[in-house]
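Colleague: Take this structure, written in structure tokens, and hold onto it; I'll ask about it next.
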Amino acid sequence: MNDRYQRGRAVMDEVYGPGFSAALDGQSGPFLKETVEHLFGEVWNRPDLSTRDRRLLVLGATAAFGRADLVQVQARGALASGDCTPDELHESVLQLAFYVGWGNATSVHEGIARAVAETTTAAEPNQD
């Protein structure tokens, strides 16, 4: 692994939570290489926007596609990193609804609700 790839994986873990990049172990290919090295190692790592700012932009763009699964990944990362609270994420659904359409916002809500539920369940102490 070169320095750009290592830096990209570190940024992925910052964006999506510790250990996220471990899912890449054993995988290869030009698309993955560019995603890690360029998108995360360079673009997400630029100084003029915070990770939170970049995440909100990605949430907006993803909302336009109506992809609950991709929104869930971003929302999970936002919660894990402390970039957003559950209330901020839920409020973002209403804001986005007027810009990406109510149907797409329904998918955004679904992805955020799943991420918040996962986070809440993971944070609850074991009662056993």
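Residue numbering restarts at 1 in every chain; chains get A, B, ... in the order shown in the structure tokens, and ligands count up from 1 in that same order.
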Which residues come within 12 Å of stretch 9-11 of chain A, counting only C-alpha atoms, excluding same-chain residues fewer than 5 positions away, as number ranges by chain?
Modeller: A: 1-4, 16-25, 32-46, 51, 77, 81
Colleague: Counting only C-alpha atoms, give me one row per residue of stretch 87-108 of chain A with an atom at most 8 Å from an atom of stretch 112-120 of chain A, showing the shortest contact pair and its distance in Å to one decimal, sorted by chain then residue number, as JSON lines.
Modeller:
```
{"residue": "A:Leu89", "atom": "CA", "partner": "A:Ile112", "partner_atom": "CA", "distance": 6.7}
{"residue": "A:His90", "atom": "CA", "partner": "A:Ile112", "partner_atom": "CA", "distance": 7.0}
{"residue": "A:Val108", "atom": "CA", "partner": "A:Ile112", "partner_atom": "CA", "distance": 6.2}
```
Colleague: Put those residues in a file: N, CA and C atoms, as a compact mmCIF listing (two decimals), in the first residue's frame.
Modeller:
```txt
# COMPACT_ATOMS: atom_id res chain seq x y z
N LEU A 89 -29.97 15.23 11.97
CA LEU A 89 -30.22 14.38 10.79
C LEU A 89 -31.70 14.35 10.43
N HIS A 90 -32.55 14.22 11.44
CA HIS A 90 -33.99 14.21 11.17
C HIS A 90 -34.45 15.55 10.60
N VAL A 108 -34.69 9.23 2.23
CA VAL A 108 -33.70 9.83 3.13
C VAL A 108 -34.10 9.57 4.58
```
Colleague: Under the rule that only C-alpha atoms are counted, which of A:Gly60, A:Gln72, A:Arg52, A:Gly82 is the nearest residue to A:Leu94?
Modeller: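 For A:Leu94, the nearest of the given residues is A:Gly60.
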Colleague: Using only C-alpha atoms, which of the listed residues (A:Ala75, A:Val15, A:Cys84, A:Leu96) sits closest to A:Ala61?
Modeller: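 The shortest atom-to-atom distance to A:Ala61 comes from A:Leu96.
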Colleague: Of the candidates A:Ala80, A:Ala64, A:Leu59, A:Leu70, which shows the shortest atom-to-atom distance to A:Ser92, using only C-alpha atoms?
Modeller: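 Counting only C-alpha atoms, the residue closest to A:Ser92 is A:Leu59.
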Colleague: Using atom CA of A:Gly103 and atom CA of A:Leu49 as the two end points, give the distance in Å to one decimal.
Modeller: 29.3 Å
Colleague: Which distance in Å separates atom CA of A:Leu56 and atom CA of A:Phe98, to one decimal?
Modeller: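 Pair atom CA of A:Leu56 / atom CA of A:Phe98 returns 15.7 Å.
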Colleague: By how many Å are atom CA of A:Glu14 and atom CA of A:Val71 apart?
Modeller: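 Distance between the two atoms: 17.1 Å.
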Colleague: With only C-alpha atoms as the basis for distance, which of A:Pro47, A:Glu91, A:Arg55, A:Ala105 is at the shortest distance from A:Arg76?
Modeller: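 Ranking A:Pro47, A:Glu91, A:Arg55, A:Ala105 by distance to A:Arg76, first place goes to A:Arg55.
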